[in-house]
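This report concerns only the one structure given below.
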Number of protein chains: 2
Amino acid sequence: MRVDIAKGILEKNDTLAEENRALFAANDVFVVDLMASPGAGKTSTILATIAALRNRYSIGVIEGDIASRVDAEKIASHGVPAVQINTGGACHLESDMIRRAVDTLDLAALDLLIIENVGNLVCPTDFDLGEHAKVMILSVPEGHDKPRKYPGIFQVAEAVILNKYDTMGVFDFDEDEFREDVRRLNLHAPVFPISARTGDGVEAWAEWLVSRIEDEKGKRA
Amino acid sequence: MRVDIAKGILEKNDTLAEENRALFAANDVFVVDLMASPGAGKTSTILATIAALRNRYSIGVIEGDIASRVDAEKIASHGVPAVQINTGGACHLESDMIRRAVDTLDLAALDLLIIENVGNLVCPTDFDLGEHAKVMILSVPEGHDKPRKYPGIFQVAEAVILNKYDTMGVFDFDEDEFREDVRRLNLHAPVFPISARTGDGVEAWAEWLVSRIEDEKGKRA
């Protein structure tokens, strides 16, 4: 992506991201930007996270996709406010798209806003949306060599979720090598093995998210 | 991607793609551009294709990745000439990168050149590399809803490989819905269920590729 982005596009994006950040702070909403490959289980992970945290927080979701309303409908069917962004051809979300989506949500009523970015391990990396944390998901079937091939996304992520962990026996995934490669790129990001489908491991990830949300509240208090 | 691409970049790319095409024709090489998500099994599919066709054709490979030489080393270890392109941050290959990579290969000695694009369902769609056919791989763990979410790549593909078919029992993949959605986007592309790991189904895909190669030869004869 980087070679294609005109400097002006990034600057404009960053300016609007700052406005988003101010809007989120004014409404006391914590915002997560969830990034992953197509089919890594972003929507399932969001649903599992909602199940874990909906008694504690009021949650909203923004769904980013090239096309279709599949994901927003899936989320909305669980009684959670969800807005679908269709990017047309764009391989990532930008801060102005988030702003337009946010304008359709009752932001003041939310504690946590989860943004599902377009399925892509490259483009979303460079775009600040005004979020508090970028988090990425890798799924076991994608293979343990992804940090070597897509280092940028592992560098910007504050936490790494390793999804479809229940299929570990089916694929040739070297978890030690994966963790070493993640650590080489990112000193601090915790790695959370989960199965969004079975719910295994979701608690540890949800606890991390709660502590991030409460930290942020503490800063504002 | 589309919204970010300056018209000039695409025009420059297309001009160089035409030069590549002429170069490939002059050397009687058939060129495939293989596109897929990260971890869909592009390299494994290339290895399985090489195993099926190496007695018939002289094959070379260009590997595209953001970073690392993992894939080119894997291919080269099978005694097949392989060039690695590292795009830095770019989410797709462009025709000038192909030209530079091709200059390091003995093109006259090859019948078939397989290009593995960067793992991405969006960006590679718009970039002509001078190839004869764009082919895409979807892997079963990614889910059957991908044609709805990433229609562009299914539209430009001449053939669709459905990889990791041996894991069909592990995932909730609706093959009928998938095939219907592919057909709605693309009237002609055959769908080849394969397991690059076990070799199942590779023969049908390889036969299709042979017929495309021989067709192209017939046109030039």
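Just so we're on the same page: first chain in the structure tokens is A, next is B, and so on; residues restart at 1 for each chain, and ligands are numbered from 1 in the order they show up.
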
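The residue set within 6 Å of region 110-123 of chain A, counting only C-alpha atoms and dropping same-chain residues fewer than 4 places from it, reads Met1, Val29, Phe30, Val31, Val32, Asp33, Leu34, Met35, Ala36, Ser37, Pro38, Tyr57, Ser58, Ile59, Gly60, Val61, Ile62, Glu63, Gly64, Asp65 and His92 of chain A; Cys91 of chain B.
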
Report task. Tell me the residues of chain A close to chain B, meaning within 10 Å using only C-alpha atoms, as an MDAnalysis selection string. Result -> chainID A and resid 1:6 9 36:41 64:71 86:92 118:123 125:126 138:152 164 166:167 170:171

Query raised in the report: Do you know which residues are at most 10 Å from Glu216 (chain B) counting only C-alpha atoms, after dropping those on the same chain fewer than 2 positions away, and could you put them as a VMD selection string?
Result: chain B and resid 25 28 to 30 132 210 to 214 218 to 221

Query raised in the report: What are the DSSP helix (DSSP H, G or I) residues of chain A, as a PyMOL selection string?
Result: chain A and resi 2-4+7-26+42-53+70-76+95-102+107-109+123-126+140-142+146-149+151-156+165-167+175-185+202-220

Keeping only C-alpha atoms, write the selected residues to a file as a tab-separated table (two decimals), in the first residue's frame.
chain	number	residue	atom	x	y	z
A	2	ARG	CA	2.56	2.51	1.15
A	3	VAL	CA	4.00	3.17	-2.28
A	4	ASP	CA	0.53	4.01	-3.60
A	7	LYS	CA	1.12	11.85	1.21
A	8	GLY	CA	-1.92	14.11	1.02
A	9	ILE	CA	-4.34	11.20	1.50
A	10	LEU	CA	-2.58	10.10	4.67
A	11	GLU	CA	-2.42	13.65	6.04
A	12	LYS	CA	-6.11	14.24	5.38
A	13	ASN	CA	-6.90	10.90	7.00
A	14	ASP	CA	-4.84	11.71	10.09
A	15	THR	CA	-6.52	15.11	10.55
A	16	LEU	CA	-9.98	13.54	10.46
A	17	ALA	CA	-8.75	10.73	12.75
A	18	GLU	CA	-7.89	13.37	15.37
A	19	GLU	CA	-11.42	14.74	15.08
A	20	ASN	CA	-12.80	11.21	15.54
A	21	ARG	CA	-10.59	10.75	18.61
A	22	ALA	CA	-11.94	13.95	20.15
A	23	LEU	CA	-15.51	12.84	19.41
A	24	PHE	CA	-14.91	9.44	21.03
A	25	ALA	CA	-13.36	11.07	24.11
A	26	ALA	CA	-16.25	13.53	24.43
A	42	LYS	CA	-13.38	-11.09	12.59
A	43	THR	CA	-17.18	-11.13	12.82
A	44	SER	CA	-17.22	-14.34	14.91
A	45	THR	CA	-14.64	-12.84	17.26
A	46	ILE	CA	-16.75	-9.70	17.61
A	47	LEU	CA	-19.80	-11.83	18.42
A	48	ALA	CA	-17.81	-13.80	21.02
A	49	THR	CA	-16.53	-10.53	22.51
A	50	ILE	CA	-20.05	-9.13	22.65
A	51	ALA	CA	-21.21	-12.29	24.45
A	52	ALA	CA	-18.41	-11.88	27.00
A	53	LEU	CA	-18.88	-8.16	27.65
A	70	VAL	CA	-23.68	-9.82	5.47
A	71	ASP	CA	-21.70	-8.91	8.58
A	72	ALA	CA	-23.77	-6.00	9.86
A	73	GLU	CA	-26.90	-8.13	9.55
A	74	LYS	CA	-25.20	-10.92	11.50
A	75	ILE	CA	-24.27	-8.52	14.32
A	76	ALA	CA	-27.64	-6.74	14.33
A	95	SER	CA	-11.31	8.09	9.09
A	96	ASP	CA	-13.92	9.96	7.03
A	97	MET	CA	-15.84	6.70	6.47
A	98	ILE	CA	-15.80	6.12	10.23
A	99	ARG	CA	-17.06	9.62	10.86
A	100	ARG	CA	-20.04	9.15	8.53
A	101	ALA	CA	-20.83	5.77	10.11
A	102	VAL	CA	-20.53	7.17	13.65
A	107	LEU	CA	-22.45	7.42	20.41
A	108	ALA	CA	-23.36	8.83	23.84
A	109	ALA	CA	-25.14	5.55	24.65
A	123	CYS	CA	-3.73	-1.68	3.76
A	124	PRO	CA	-5.47	-1.06	7.13
A	125	THR	CA	-2.06	-0.87	8.85
A	126	ASP	CA	-1.32	2.68	7.75
A	140	VAL	CA	-4.46	-20.93	12.47
A	141	PRO	CA	-5.27	-22.09	8.89
A	142	GLU	CA	-3.36	-19.06	7.53
A	146	LYS	CA	2.57	-14.62	8.43
A	147	PRO	CA	4.60	-12.32	10.74
A	148	ARG	CA	7.56	-12.76	8.37
A	149	LYS	CA	5.47	-11.97	5.31
A	151	PRO	CA	5.41	-7.59	9.45
A	152	GLY	CA	3.72	-4.17	9.41
A	153	ILE	CA	0.39	-5.27	10.83
A	154	PHE	CA	2.06	-7.23	13.62
A	155	GLN	CA	4.04	-4.11	14.51
A	156	VAL	CA	1.06	-1.79	14.87
A	165	TYR	CA	-7.16	-22.44	17.75
A	166	ASP	CA	-9.44	-25.48	17.90
A	167	THR	CA	-8.20	-26.47	14.41
A	175	GLU	CA	3.08	-21.91	17.60
A	176	ASP	CA	6.56	-21.41	19.11
A	177	GLU	CA	7.93	-20.01	15.87
A	178	PHE	CA	4.84	-17.81	15.51
A	179	ARG	CA	5.20	-16.37	19.02
A	180	GLU	CA	8.93	-15.77	18.54
A	181	ASP	CA	8.32	-13.96	15.25
A	182	VAL	CA	5.55	-11.82	16.78
A	183	ARG	CA	7.83	-10.92	19.71
A	184	ARG	CA	10.65	-9.96	17.36
A	185	LEU	CA	8.32	-7.45	15.65
A	202	VAL	CA	-12.22	-15.58	24.71
A	203	GLU	CA	-12.23	-14.75	28.43
A	204	ALA	CA	-8.51	-13.86	28.53
A	205	TRP	CA	-8.89	-11.61	25.48
A	206	ALA	CA	-12.01	-9.98	26.95
A	207	GLU	CA	-10.20	-9.36	30.27
A	208	TRP	CA	-7.37	-7.63	28.43
A	209	LEU	CA	-9.90	-5.46	26.61
A	210	VAL	CA	-11.66	-4.56	29.88
A	211	SER	CA	-8.36	-3.50	31.44
A	212	ARG	CA	-7.58	-1.32	28.39
A	213	ILE	CA	-11.06	0.26	28.55
A	214	GLU	CA	-10.78	0.93	32.29
A	215	ASP	CA	-7.23	2.34	31.89
A	216	GLU	CA	-8.54	4.77	29.32
A	217	LYS	CA	-11.44	5.78	31.58
A	218	GLY	CA	-8.93	6.33	34.39
A	219	LYS	CA	-6.95	8.72	32.21
A	220	ARG	CA	-10.05	10.79	31.48

Requested in this report: Skip Pro190 (chain A) itself and residues of its chain fewer than 3 positions away, then list as a PyMOL selection string all residues within 8 Å of it, counting only C-alpha atoms.
Outcome: chain A and resi 158-160

Please produce a file of those selected residues containing C-alpha atoms, as a PDB file, in the first residue's frame.
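Dumped everything to selection34.pdb:
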ATOM      1  CA  GLU A 158      -1.574  -3.744  20.505  1.00  0.00           C
ATOM      2  CA  ALA A 159      -2.788  -7.319  20.864  1.00  0.00           C
ATOM      3  CA  VAL A 160      -2.750 -10.377  18.592  1.00  0.00           C
TER       4      VAL A 160
END
